[in-house]
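So this one's data31.pdb, PDB, C-alpha atoms:
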ATOM      1  CA  MET A   1      -9.451  37.859   9.770
ATOM      2  CA  LYS A   2      -9.763  36.847   6.123
ATOM      3  CA  GLU A   3     -10.860  33.279   5.552
ATOM      4  CA  GLN A   4      -8.108  31.197   3.947
ATOM      5  CA  LYS A   5      -8.692  29.081   0.877
ATOM      6  CA  ILE A   6      -9.429  25.380   1.257
ATOM      7  CA  SER A   7      -8.717  23.067  -1.676
ATOM      8  CA  ILE A   8     -11.136  20.152  -1.953
ATOM      9  CA  ILE A   9      -9.834  17.191  -3.950
ATOM     10  CA  VAL A  10     -12.485  14.903  -5.466
ATOM     11  CA  PRO A  11     -11.194  11.841  -7.382
ATOM     12  CA  VAL A  12     -13.631  10.285  -9.859
ATOM     13  CA  ASN A  13     -13.248   6.938 -11.645
ATOM     14  CA  LYS A  14     -15.071   5.224 -14.478
ATOM     15  CA  LYS A  15     -17.095   2.944 -12.217
ATOM     16  CA  GLU A  16     -18.586   5.909 -10.392
ATOM     17  CA  ILE A  17     -19.904   7.579 -13.554
ATOM     18  CA  GLN A  18     -20.574   4.547 -15.729
ATOM     19  CA  ASP A  19     -23.664   4.496 -17.921
ATOM     20  CA  GLY A  20     -23.682   8.294 -17.991
ATOM     21  CA  ASP A  21     -24.989   8.626 -14.430
ATOM     22  CA  LEU A  22     -23.608  11.980 -13.333
ATOM     23  CA  CYS A  23     -26.090  12.630 -10.498
ATOM     24  CA  ASP A  24     -23.461  12.217  -7.772
ATOM     25  CA  LEU A  25     -21.164  14.751  -9.436
ATOM     26  CA  TYR A  26     -23.959  17.327  -9.669
ATOM     27  CA  ARG A  27     -24.875  16.634  -6.036
ATOM     28  CA  ILE A  28     -21.294  17.036  -4.792
ATOM     29  CA  GLN A  29     -20.841  20.264  -6.767
ATOM     30  CA  GLU A  30     -24.009  21.730  -5.243
ATOM     31  CA  GLU A  31     -23.213  20.430  -1.771
ATOM     32  CA  ILE A  32     -19.723  21.941  -1.635
ATOM     33  CA  CYS A  33     -20.810  25.240  -3.209
ATOM     34  CA  GLY A  34     -23.730  25.325  -0.777
ATOM     35  CA  GLN A  35     -21.467  25.108   2.287
ATOM     36  CA  THR A  36     -21.488  28.104   4.622
ATOM     37  CA  TYR A  37     -17.724  28.349   4.136
ATOM     38  CA  LYS A  38     -17.252  29.878   0.675
ATOM     39  CA  ASN A  39     -13.499  30.323   0.155
ATOM     40  CA  THR A  40     -12.964  26.939  -1.471
ATOM     41  CA  GLU A  41     -11.781  25.458  -4.739
ATOM     42  CA  ILE A  42     -12.881  22.066  -6.039
ATOM     43  CA  LEU A  43     -10.319  19.961  -7.897
ATOM     44  CA  TRP A  44     -12.022  17.157  -9.815
ATOM     45  CA  ILE A  45      -9.444  14.484 -10.701
ATOM     46  CA  ILE A  46     -10.597  12.519 -13.738
ATOM     47  CA  PRO A  47      -8.666   9.630 -15.373
ATOM     48  CA  ALA A  48      -7.930  10.137 -19.071
ATOM     49  CA  ASP A  49      -9.953   7.079 -20.110
ATOM     50  CA  VAL A  50     -13.146   8.095 -18.297
ATOM     51  CA  GLY A  51     -14.895   8.664 -21.619
ATOM     52  CA  ASN A  52     -17.365  11.328 -20.434
ATOM     53  CA  ASP A  53     -17.365  15.053 -21.079
ATOM     54  CA  LEU A  54     -17.183  16.596 -17.616
ATOM     55  CA  SER A  55     -16.546  20.164 -18.714
ATOM     56  CA  PHE A  56     -19.826  21.161 -17.043
ATOM     57  CA  LEU A  57     -17.937  20.957 -13.725
ATOM     58  CA  GLU A  58     -15.620  23.839 -14.684
ATOM     59  CA  SER A  59     -16.285  27.181 -12.975
ATOM     60  CA  HIS A  60     -14.358  29.917 -11.179
ATOM     61  CA  ARG A  61     -14.260  27.690  -8.065
ATOM     62  CA  SER A  62     -14.161  24.278  -9.732
ATOM     63  CA  HIS A  63     -11.489  22.789 -11.994
ATOM     64  CA  VAL A  64     -11.198  19.486 -13.857
ATOM     65  CA  LEU A  65      -7.737  17.877 -13.852
ATOM     66  CA  VAL A  66      -7.026  14.891 -16.083
ATOM     67  CA  ALA A  67      -4.869  12.097 -14.629
ATOM     68  CA  LYS A  68      -2.961   9.634 -16.828
ATOM     69  CA  ASP A  69      -4.774   6.657 -15.290
ATOM     70  CA  SER A  70      -7.181   5.689 -12.518
ATOM     71  CA  ASN A  71      -4.526   4.957  -9.878
ATOM     72  CA  LEU A  72      -5.970   6.752  -6.851
ATOM     73  CA  ALA A  73      -2.615   7.552  -5.246
ATOM     74  CA  LYS A  74      -1.500   9.260  -8.474
ATOM     75  CA  MET A  75      -4.815  11.125  -8.684
ATOM     76  CA  TYR A  76      -4.424  12.414  -5.122
ATOM     77  CA  ASN A  77      -0.843  13.478  -5.845
ATOM     78  CA  LEU A  78      -1.996  15.417  -8.908
ATOM     79  CA  GLY A  79      -4.555  17.179  -6.733
ATOM     80  CA  LEU A  80      -1.926  18.101  -4.124
ATOM     81  CA  GLU A  81       0.409  19.346  -6.850
ATOM     82  CA  ARG A  82      -2.227  21.693  -8.287
ATOM     83  CA  ALA A  83      -3.930  22.787  -5.045
ATOM     84  CA  GLN A  84      -3.822  26.533  -4.378
ATOM     85  CA  GLY A  85      -5.325  26.535  -0.879
ATOM     86  CA  GLU A  86      -3.703  26.933   2.510
ATOM     87  CA  TYR A  87      -5.664  23.872   3.642
ATOM     88  CA  VAL A  88      -6.867  20.743   1.888
ATOM     89  CA  MET A  89      -9.718  18.247   2.220
ATOM     90  CA  PHE A  90     -10.407  15.028   0.311
ATOM     91  CA  TRP A  91     -14.039  14.454  -0.673
ATOM     92  CA  HIS A  92     -15.435  10.965  -1.253
ATOM     93  CA  ILE A  93     -18.049  10.666  -3.996
ATOM     94  CA  ARG A  94     -20.442   8.958  -1.544
ATOM     95  CA  LEU A  95     -19.936  11.593   1.146
ATOM     96  CA  LYS A  96     -22.828  13.738   2.351
ATOM     97  CA  ALA A  97     -22.151  16.675   4.659
ATOM     98  CA  VAL A  98     -24.175  19.190   6.660
ATOM     99  CA  LYS A  99     -23.897  22.810   5.462
ATOM    100  CA  ASN A 100     -21.533  23.932   8.219
ATOM    101  CA  TYR A 101     -19.144  20.973   7.884
ATOM    102  CA  ILE A 102     -16.242  22.858   6.282
ATOM    103  CA  PHE A 103     -16.830  25.943   8.443
ATOM    104  CA  ASP A 104     -16.734  23.967  11.701
ATOM    105  CA  MET A 105     -13.579  22.108  10.634
ATOM    106  CA  TYR A 106     -11.863  25.380   9.677
ATOM    107  CA  GLN A 107     -12.922  27.111  12.912
ATOM    108  CA  MET A 108     -11.348  24.400  15.051
ATOM    109  CA  MET A 109      -8.171  24.496  12.954
ATOM    110  CA  MET A 110      -7.881  28.260  13.404
ATOM    111  CA  HIS A 111      -9.045  28.861  16.953
ATOM    112  CA  LYS A 112      -7.556  25.762  18.569
ATOM    113  CA  HIS A 113      -4.271  26.039  16.622
ATOM    114  CA  CYS A 114      -4.428  22.460  15.324
ATOM    115  CA  HIS A 115      -2.485  20.942  12.447
ATOM    116  CA  LEU A 116      -5.147  18.319  11.713
ATOM    117  CA  VAL A 117      -8.891  18.305  12.346
ATOM    118  CA  CYS A 118     -11.040  15.157  12.198
ATOM    119  CA  SER A 119     -14.816  14.813  12.207
ATOM    120  CA  SER A 120     -16.882  11.935  13.529
ATOM    121  CA  TYR A 121     -19.234  10.425  10.958
ATOM    122  CA  GLY A 122     -22.256   8.208  10.610
ATOM    123  CA  ILE A 123     -21.344   4.654   9.671
ATOM    124  CA  LYS A 124     -20.107   2.939  12.801
ATOM    125  CA  LYS A 125     -20.171   3.881  16.454
ATOM    126  CA  ALA A 126     -18.182   7.088  16.867
ATOM    127  CA  VAL A 127     -14.696   6.729  18.322
ATOM    128  CA  TYR A 128     -14.898  10.275  19.700
ATOM    129  CA  GLN A 129     -18.093  11.932  20.908
ATOM    130  CA  GLU A 130     -16.720  15.154  22.396
ATOM    131  CA  HIS A 131     -14.957  18.183  20.912
ATOM    132  CA  GLN A 132     -11.356  17.986  22.063
ATOM    133  CA  VAL A 133      -7.783  18.836  21.095
ATOM    134  CA  TYR A 134      -5.161  16.139  21.610
ATOM    135  CA  SER A 135      -1.432  16.546  21.796
ATOM    136  CA  TRP A 136       0.626  14.397  19.461
ATOM    137  CA  GLU A 137       1.449  11.883  22.206
ATOM    138  CA  GLU A 138      -2.171  11.687  23.399
ATOM    139  CA  TYR A 139      -3.474  11.029  19.888
ATOM    140  CA  LEU A 140      -0.908   8.267  19.283
ATOM    141  CA  LYS A 141      -2.014   6.524  22.473
ATOM    142  CA  LYS A 142      -5.625   6.732  21.284
ATOM    143  CA  LEU A 143      -4.586   5.245  17.955
ATOM    144  CA  THR A 144      -3.061   2.184  19.641
ATOM    145  CA  GLN A 145      -6.424   1.389  21.234
ATOM    146  CA  ASN A 146      -8.321   1.014  17.947
ATOM    147  CA  PRO A 147      -5.922   1.172  14.974
ATOM    148  CA  HIS A 148      -8.291  -0.651  12.627
ATOM    149  CA  HIS A 149     -11.060   1.907  12.858
ATOM    150  CA  ASP A 150     -11.573   3.837   9.619
ATOM    151  CA  PHE A 151     -11.496   7.071  11.616
ATOM    152  CA  TYR A 152      -7.688   7.044  11.682
ATOM    153  CA  GLY A 153      -6.960   5.811   8.180
ATOM    154  CA  VAL A 154      -9.420   7.503   5.846
ATOM    155  CA  LEU A 155      -8.940  10.907   4.208
ATOM    156  CA  TRP A 156     -12.521  12.099   3.886
ATOM    157  CA  ASN A 157     -13.161  13.121   7.513
ATOM    158  CA  LYS A 158     -10.085  15.341   7.862
ATOM    159  CA  LEU A 159      -8.784  18.877   7.210
ATOM    160  CA  TYR A 160      -5.037  19.096   6.535
ATOM    161  CA  ASP A 161      -2.558  21.975   6.657
ATOM    162  CA  MET A 162      -1.250  22.369   3.103
ATOM    163  CA  ASN A 163       1.881  24.224   4.259
ATOM    164  CA  LEU A 164       2.855  21.257   6.418
ATOM    165  CA  ILE A 165       2.337  18.939   3.436
ATOM    166  CA  ARG A 166       4.487  21.120   1.168
ATOM    167  CA  GLN A 167       7.261  21.732   3.696
ATOM    168  CA  ASN A 168       7.685  18.006   4.313
ATOM    169  CA  SER A 169       7.133  16.957   0.669
ATOM    170  CA  LEU A 170       4.359  14.574   1.682
ATOM    171  CA  THR A 171       2.817  12.531  -1.129
ATOM    172  CA  PHE A 172       0.760   9.369  -1.517
ATOM    173  CA  SER A 173       2.723   6.166  -2.043
ATOM    174  CA  GLU A 174       2.272   4.911  -5.608
ATOM    175  CA  LYS A 175       4.004   1.604  -4.786
ATOM    176  CA  VAL A 176       0.958   0.085  -3.059
ATOM    177  CA  THR A 177      -2.415  -0.833  -4.522
ATOM    178  CA  SER A 178      -4.334   0.058  -1.363
ATOM    179  CA  GLY A 179      -3.634   1.614   2.010
ATOM    180  CA  TYR A 180      -2.060   4.776   0.562
ATOM    181  CA  ASP A 181      -4.499   6.856   2.630
ATOM    182  CA  PHE A 182      -3.451   5.156   5.893
ATOM    183  CA  ILE A 183       0.248   5.492   5.049
ATOM    184  CA  PHE A 184      -0.225   9.174   4.163
ATOM    185  CA  ASN A 185      -1.952   9.811   7.506
ATOM    186  CA  MET A 186       0.813   8.047   9.431
ATOM    187  CA  GLN A 187       3.438  10.150   7.615
ATOM    188  CA  TYR A 188       1.444  13.307   8.301
ATOM    189  CA  LEU A 189       1.302  12.393  12.000
ATOM    190  CA  ASN A 190       5.084  11.953  11.982
ATOM    191  CA  GLN A 191       5.348  15.752  12.029
ATOM    192  CA  LYS A 192       4.439  15.812  15.770
ATOM    193  CA  ILE A 193       1.190  17.705  15.312
ATOM    194  CA  SER A 194      -1.764  18.544  17.543
ATOM    195  CA  VAL A 195      -5.100  17.039  16.488
ATOM    196  CA  GLY A 196      -8.561  18.549  16.895
ATOM    197  CA  ILE A 197     -11.620  16.293  17.047
ATOM    198  CA  LEU A 198     -15.197  17.322  16.267
ATOM    199  CA  GLY A 199     -17.299  14.794  18.134
ATOM    200  CA  LYS A 200     -20.598  15.572  16.424
ATOM    201  CA  GLU A 201     -21.389  13.817  13.176
ATOM    202  CA  LEU A 202     -21.104  16.394  10.405
ATOM    203  CA  ILE A 203     -20.772  13.884   7.575
ATOM    204  CA  HIS A 204     -22.187  10.561   6.467
ATOM    205  CA  LEU A 205     -20.777   8.052   4.006
ATOM    206  CA  SER A 206     -23.271   5.782   2.257
ATOM    207  CA  LYS A 207     -22.361   2.115   1.890
ATOM    208  CA  GLU A 208     -20.709   0.991  -1.310
ATOM    209  CA  ASP A 209     -22.192  -1.774  -3.429
ATOM    210  CA  THR A 210     -19.925  -4.813  -3.416
ATOM    211  CA  GLU A 211     -19.236  -6.961  -6.449
ATOM    212  CA  ASP A 212     -17.731 -10.419  -6.843
ATOM    213  CA  ASN A 213     -14.049 -10.173  -7.606
ATOM    214  CA  THR A 214     -13.433 -11.903 -10.948
ATOM    215  CA  GLU A 215      -9.665 -11.476 -10.813
ATOM    216  CA  ASP A 216      -7.212 -14.035  -9.485
ATOM    217  CA  VAL A 217      -8.394 -13.716  -5.884
ATOM    218  CA  TYR A 218      -5.285 -15.383  -4.498
ATOM    219  CA  LYS A 219      -3.055 -12.817  -6.229
ATOM    220  CA  VAL A 220      -5.381 -10.017  -5.101
ATOM    221  CA  LEU A 221      -5.133 -11.230  -1.515
ATOM    222  CA  ILE A 222      -1.336 -11.456  -1.599
ATOM    223  CA  ASP A 223      -1.122  -7.958  -3.100
ATOM    224  CA  ARG A 224      -3.402  -6.624  -0.384
ATOM    225  CA  LEU A 225      -1.440  -8.314   2.376
ATOM    226  CA  ASN A 226       1.776  -6.874   0.988
ATOM    227  CA  ASP A 227       0.076  -3.471   1.057
ATOM    228  CA  LYS A 228      -0.913  -4.109   4.664
ATOM    229  CA  ASN A 229       2.715  -4.840   5.517
ATOM    230  CA  ALA A 230       3.648  -1.416   4.113
ATOM    231  CA  MET A 231       0.887   0.108   6.240
ATOM    232  CA  PHE A 232       2.135  -1.803   9.264
ATOM    233  CA  ALA A 233       5.673  -0.494   8.706
ATOM    234  CA  ALA A 234       4.382   3.107   8.675
ATOM    235  CA  TYR A 235       2.318   2.370  11.795
ATOM    236  CA  LYS A 236       5.291   0.951  13.724
ATOM    237  CA  PHE A 237       7.632   3.755  12.619
ATOM    238  CA  LEU A 238       5.200   6.346  13.946
ATOM    239  CA  PHE A 239       5.200   4.767  17.408
ATOM    240  CA  TRP A 240       8.966   4.350  17.359
ATOM    241  CA  ARG A 241       9.292   8.052  16.534
ATOM    242  CA  GLY A 242       6.876   9.003  19.290
ATOM    243  CA  LYS A 243       8.549   6.645  21.791
ATOM    244  CA  VAL A 244       5.090   5.264  22.534
ATOM    245  CA  GLU A 245       5.190   1.915  24.297
ATOM    246  CA  VAL A 246       3.166  -0.622  22.319
ATOM    247  CA  GLY A 247       3.057  -4.197  23.577
ATOM    248  CA  LYS A 248       3.898  -7.045  21.181
ATOM    249  CA  GLU A 249       0.412  -8.496  21.698
ATOM    250  CA  VAL A 250      -1.101  -5.259  20.349
ATOM    251  CA  LEU A 251       1.043  -5.411  17.205
ATOM    252  CA  ASP A 252       0.353  -9.146  16.788
ATOM    253  CA  GLU A 253      -3.373  -8.539  17.075
ATOM    254  CA  TYR A 254      -3.112  -5.763  14.511
ATOM    255  CA  MET A 255      -1.633  -8.112  11.912
ATOM    256  CA  ILE A 256      -4.009 -10.967  12.738
ATOM    257  CA  LYS A 257      -7.032  -8.705  12.284
ATOM    258  CA  THR A 258      -5.492  -7.218   9.145
ATOM    259  CA  ALA A 259      -5.051 -10.640   7.550
ATOM    260  CA  ALA A 260      -8.566 -11.690   8.562
ATOM    261  CA  LEU A 261     -10.162  -8.532   7.200
ATOM    262  CA  GLU A 262      -8.475  -8.978   3.843
ATOM    263  CA  LEU A 263      -9.349 -12.676   3.699
ATOM    264  CA  ALA A 264     -12.983 -11.893   4.519
ATOM    265  CA  GLY A 265     -13.081  -9.546   1.533
ATOM    266  CA  VAL A 266     -12.174 -12.181  -1.081
ATOM    267  CA  LEU A 267     -13.421 -15.631  -2.000
ATOM    268  CA  PHE A 268     -12.900 -18.864  -0.030
ATOM    269  CA  PRO A 269     -11.364 -21.380   0.206
ATOM    270  CA  PHE A 270      -7.595 -21.454  -0.064
ATOM    271  CA  SER A 271      -5.435 -24.527   0.069
ATOM    272  CA  TYR A 272      -3.046 -25.191   2.939
ATOM    273  CA  LYS A 273      -0.137 -24.459   0.594
ATOM    274  CA  GLN A 274      -1.654 -21.071  -0.242
ATOM    275  CA  TRP A 275      -2.173 -20.400   3.459
ATOM    276  CA  SER A 276       1.498 -21.119   4.079
ATOM    277  CA  VAL A 277       2.420 -18.373   1.601
ATOM    278  CA  ILE A 278      -0.105 -15.972   3.126
ATOM    279  CA  ARG A 279       1.287 -16.590   6.599
ATOM    280  CA  LYS A 280       4.830 -15.999   5.402
ATOM    281  CA  LYS A 281       4.012 -12.799   3.525
ATOM    282  CA  CYS A 282       1.819 -11.195   6.177
ATOM    283  CA  LEU A 283       2.359 -12.795   9.551
ATOM    284  CA  GLN A 284       5.852 -14.273   9.649
ATOM    285  CA  ASP A 285       7.304 -11.115   8.095
ATOM    286  CA  ASN A 286       6.284  -9.420  11.327
ATOM    287  CA  GLY A 287       7.401 -12.104  13.730
ATOM    288  CA  ILE A 288       4.015 -13.841  14.057
ATOM    289  CA  THR A 289       4.236 -17.615  13.543
ATOM    290  CA  GLY A 290       2.435 -20.884  14.186
ATOM    291  CA  LYS A 291      -0.583 -22.910  13.034
ATOM    292  CA  LYS A 292      -2.667 -21.629  15.945
ATOM    293  CA  THR A 293      -2.224 -18.089  14.674
ATOM    294  CA  THR A 294      -3.276 -19.122  11.163
ATOM    295  CA  LEU A 295      -6.384 -20.844  12.526
ATOM    296  CA  LYS A 296      -7.196 -17.716  14.518
ATOM    297  CA  VAL A 297      -7.011 -15.678  11.315
ATOM    298  CA  ILE A 298      -9.308 -18.119   9.480
ATOM    299  CA  LYS A 299     -11.905 -18.182  12.295
ATOM    300  CA  LEU A 300     -11.944 -14.405  12.534
ATOM    301  CA  ALA A 301     -12.278 -14.090   8.743
ATOM    302  CA  LEU A 302     -15.233 -16.479   8.690
ATOM    303  CA  ARG A 303     -16.908 -14.538  11.484
ATOM    304  CA  LEU A 304     -16.411 -11.262   9.613
ATOM    305  CA  ARG A 305     -17.854 -12.759   6.393
ATOM    306  CA  GLY A 306     -20.921 -13.903   8.314
ATOM    307  CA  ARG A 307     -21.896 -10.392   9.451
TER     308      ARG A 307
END
Go ahead and express the file in the form of structure tokens.
Amino acid sequence: MKEQKISIIVPVNKKEIQDGDLCDLYRIQEEICGQTYKNTEILWIIPADVGNDLSFLESHRSHVLVAKDSNLAKMYNLGLERAQGEYVMFWHIRLKAVKNYIFDMYQMMMHKHCHLVCSSYGIKKAVYQEHQVYSWEEYLKKLTQNPHHDFYGVLWNKLYDMNLIRQNSLTFSEKVTSGYDFIFNMQYLNQKISVGILGKELIHLSKEDTEDNTEDVYKVLIDRLNDKNAMFAAYKFLFWRGKVEVGKEVLDEYMIKTAALELAGVLFPFSYKQWSVIRKKCLQDNGITGKKTTLKVIKLALRLRGR
């Protein structure tokens, strides 16, 4: 049987190629072209203001697409719009993969008749350590057990069916500033698909350097929490659609951890008045109230910052 084409979307922003350092782009180009699976196309998505000449990336299997700005959701949507493959992957610029990564993902998709294939990876302890195919209902139940794990939300460890994306007009939400990957995955799962898992670690994502946020951190936090509410809405809708029983304490814990994770990522401290707004925007909007809950969020955030 002829191998079907896989489109690989690689978004690039100014920060990642600042100071003329193009080593990662060369490495990714070589790594993808060096995969044992050859029927691929690479779609480099470059914002118009990137300022570097990246024409060296153009080849018969590699194309440079220019986005209007560096909004990642818009860049991903441009990639989906121009993709010619029957399947699609999203490649992170810090991703490193073994040579048979794409081949093994494709083989499971084909031979196990899956609609989505996910690979374990080397950052945290693997959620899945065995090769297995889950029904839609089984995968949703797994998701309820550890919804915060990157495994479920990220794009870069998955192979998607492009026909399913086109038939259901799936796109990335451009209304949020973060969490568009999680929301996209929840919408993709809404199609009642079977999911294949490759338990062995075929990929590794290196840690990203963190920088102090010089913006209005309070505004950044509120924006992020609003984004998390949009993610939470997609999460709840998926379980409603699947008729999966999820206890209120599970949903409460999801929002408490969400608020704490976002708080841990920005600067301290906030005033009580600011905390009141945070609680209203993130917690009370989802039926979670009380000073004890707020204190729980603060304690968890401090613990996360101390790691």
Notebook entry, point to check: Suppose you want the space between CA of Lys38 in chain A and CA of Cys114 in chain A; what is it in Å?
Noted result: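 According to the coordinates, CA of Lys38 in chain A and CA of Cys114 in chain A are separated by 20.8 Å.
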Check: So which residues get picked by the PyMOL selection byres ((chain A and resi 183-190) around 7) here, written as JSON, numbers by chain?
Finding: {"A": [153, 171, 172, 179, 180, 181, 182, 191, 192, 193, 231, 234, 235, 238]}
Could you list as a short mmCIF file (atom, residue, chain, number, x, y, z; two decimals) with C-alpha atoms, in the coordinates of the input every residue that has an atom within 12 Å of (-3.6, 10.2, -15.6), using the file's coordinates and counting only C-alpha atoms?
data_model
loop_
_atom_site.label_atom_id
_atom_site.label_comp_id
_atom_site.auth_asym_id
_atom_site.auth_seq_id
_atom_site.Cartn_x
_atom_site.Cartn_y
_atom_site.Cartn_z
CA PRO A 11 -11.19 11.84 -7.38
CA VAL A 12 -13.63 10.28 -9.86
CA ASN A 13 -13.25 6.94 -11.64
CA ILE A 45 -9.44 14.48 -10.70
CA ILE A 46 -10.60 12.52 -13.74
CA PRO A 47 -8.67 9.63 -15.37
CA ALA A 48 -7.93 10.14 -19.07
CA ASP A 49 -9.95 7.08 -20.11
CA VAL A 50 -13.15 8.10 -18.30
CA LEU A 65 -7.74 17.88 -13.85
CA VAL A 66 -7.03 14.89 -16.08
CA ALA A 67 -4.87 12.10 -14.63
CA LYS A 68 -2.96 9.63 -16.83
CA ASP A 69 -4.77 6.66 -15.29
CA SER A 70 -7.18 5.69 -12.52
CA ASN A 71 -4.53 4.96 -9.88
CA LEU A 72 -5.97 6.75 -6.85
CA ALA A 73 -2.62 7.55 -5.25
CA LYS A 74 -1.50 9.26 -8.47
CA MET A 75 -4.82 11.12 -8.68
CA TYR A 76 -4.42 12.41 -5.12
CA ASN A 77 -0.84 13.48 -5.84
CA LEU A 78 -2.00 15.42 -8.91
CA GLY A 79 -4.56 17.18 -6.73
#
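Across A:Arg279, A:His115, A:Asp104, A:Lys141, the tightest approach to Asn229 in chain A is made by A:Arg279 when counting only C-alpha atoms.
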Note to self: My list of candidates is A:Lys236, A:Lys243, A:His111, A:Arg82. Which is closest to Leu43 in chain A when distances are computed with only C-alpha atoms?
What the structure shows: A:Arg82
Margin query: Rounded to one decimal, what separation in Å do you get between CA of Leu54 in chain A and CA of Ile42 in chain A?
Written below: 13.5 Å
Could you put an axis-aligned box around every listed atom of range 139-144 of chain A, padded by 6 Å on each side, and send me its centre and edge lengths in Å to one decimal, as AutoDock Vina command-line options?
--center_x -3.3 --center_y 6.6 --center_z 20.2 --size_x 16.7 --size_y 20.8 --size_z 16.5
Note to self: Taking 3 positions as the minimum chain separation for residues in the same chain, which residues sit within 12 Å of Lys281 in chain A when counting all atoms listed in the file? Answer as a list in words.
What the structure shows: Leu221, Ile222, Asp223, Arg224, Leu225, Asn226, Asp227, Lys228, Asn229, Ala230, Met255, Ala259, Gln274, Trp275, Ser276, Val277, Ile278, Gln284, Asp285, Asn286, Gly287, Ile288 and Thr289 of chain A
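If you look at CA of Ile32 in chain A and CA of Arg166 in chain A, they are 24.4 Å away from each other.
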Check: Which residues match the PyMOL selection byres ((chain A and resi 305) around 9) in the file above, as a list in words?
Finding: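 In the shown coordinates, the PyMOL selection byres ((chain A and resi 305) around 9) covers Leu261, Leu263, Ala264, Gly265, Leu300, Ala301, Leu302, Arg303, Leu304, Gly306 and Arg307 of chain A.
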Report as a PDB file with C-alpha atoms, in the coordinates of the input the full result of the PyMOL selection byres ((chain A and resi 200) around 8) when it is applied to this structure.
ATOM      1  CA  SER A 119     -14.816  14.813  12.207  1.00  0.00           C
ATOM      2  CA  SER A 120     -16.882  11.935  13.529  1.00  0.00           C
ATOM      3  CA  TYR A 121     -19.234  10.425  10.958  1.00  0.00           C
ATOM      4  CA  GLN A 129     -18.093  11.932  20.908  1.00  0.00           C
ATOM      5  CA  GLU A 130     -16.720  15.154  22.396  1.00  0.00           C
ATOM      6  CA  HIS A 131     -14.957  18.183  20.912  1.00  0.00           C
ATOM      7  CA  LEU A 198     -15.197  17.322  16.267  1.00  0.00           C
ATOM      8  CA  GLY A 199     -17.299  14.794  18.134  1.00  0.00           C
ATOM      9  CA  GLU A 201     -21.389  13.817  13.176  1.00  0.00           C
ATOM     10  CA  LEU A 202     -21.104  16.394  10.405  1.00  0.00           C
TER      11      LEU A 202
END
Notebook entry, point to check: Which residue gives the smallest distance to Phe239 in chain A among A:Val117, A:Leu140, A:Ile256, A:Ile9, with all atoms listed in the file counted?
Noted result: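 Smallest separation from Phe239 in chain A among the options: A:Leu140.
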Next item on the list: Pick out the residues sitting within 9 Å of Ser62 in chain A, and hand them over as a list in words; count all atoms listed in the file, and ignore anything fewer than 3 positions along from it in its own chain.
Entry: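 Residues meeting the cut-off are Gln29, Thr40, Glu41, Ile42, Leu43, Trp44, Leu57, Glu58 and Ser59 of chain A.
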Next item on the list: Rank A:Ser178, A:Thr36, A:Ser194, A:Ser169 by their smallest atom-to-atom distance to Tyr134 in chain A, using all atoms listed in the file, and report the top residue only.
Entry: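 Closest candidate: A:Ser194.
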Please provide the set of residues having any atom within 7 Å of range 85-96 of chain A, restricted to only C-alpha atoms, with same-chain residues fewer than 4 positions apart removed, written as an mmCIF file with C-alpha atoms, keeping the file's coordinate frame.
data_model
loop_
_atom_site.group_PDB
_atom_site.id
_atom_site.type_symbol
_atom_site.label_atom_id
_atom_site.label_comp_id
_atom_site.auth_asym_id
_atom_site.auth_seq_id
_atom_site.Cartn_x
_atom_site.Cartn_y
_atom_site.Cartn_z
ATOM 1 C CA GLN A 4 -8.108 31.197 3.947
ATOM 2 C CA LYS A 5 -8.692 29.081 0.877
ATOM 3 C CA ILE A 6 -9.429 25.380 1.257
ATOM 4 C CA SER A 7 -8.717 23.067 -1.676
ATOM 5 C CA ILE A 8 -11.136 20.152 -1.953
ATOM 6 C CA ILE A 9 -9.834 17.191 -3.950
ATOM 7 C CA VAL A 10 -12.485 14.903 -5.466
ATOM 8 C CA ASP A 24 -23.461 12.217 -7.772
ATOM 9 C CA LEU A 155 -8.940 10.907 4.208
ATOM 10 C CA TRP A 156 -12.521 12.099 3.886
ATOM 11 C CA LYS A 158 -10.085 15.341 7.862
ATOM 12 C CA LEU A 159 -8.784 18.877 7.210
ATOM 13 C CA TYR A 160 -5.037 19.096 6.535
ATOM 14 C CA ASP A 161 -2.558 21.975 6.657
ATOM 15 C CA MET A 162 -1.250 22.369 3.103
ATOM 16 C CA ASN A 163 1.881 24.224 4.259
ATOM 17 C CA ILE A 203 -20.772 13.884 7.575
ATOM 18 C CA HIS A 204 -22.187 10.561 6.467
ATOM 19 C CA LEU A 205 -20.777 8.052 4.006
ATOM 20 C CA SER A 206 -23.271 5.782 2.257
#
Margin query: From the options A:Asn146, A:Asn100, A:Gln84, A:Asn157, which residue's atoms come nearest to Leu116 in chain A, counting all atoms listed in the file?
Written below: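 Closest to Leu116 in chain A, using all atoms listed in the file: A:Asn157.
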Check: Pick the closest to Tyr106 in chain A from A:Glu30, A:Val154, A:Lys299, A:Cys118: which is it, counting all atoms listed in the file?
Finding: A:Cys118
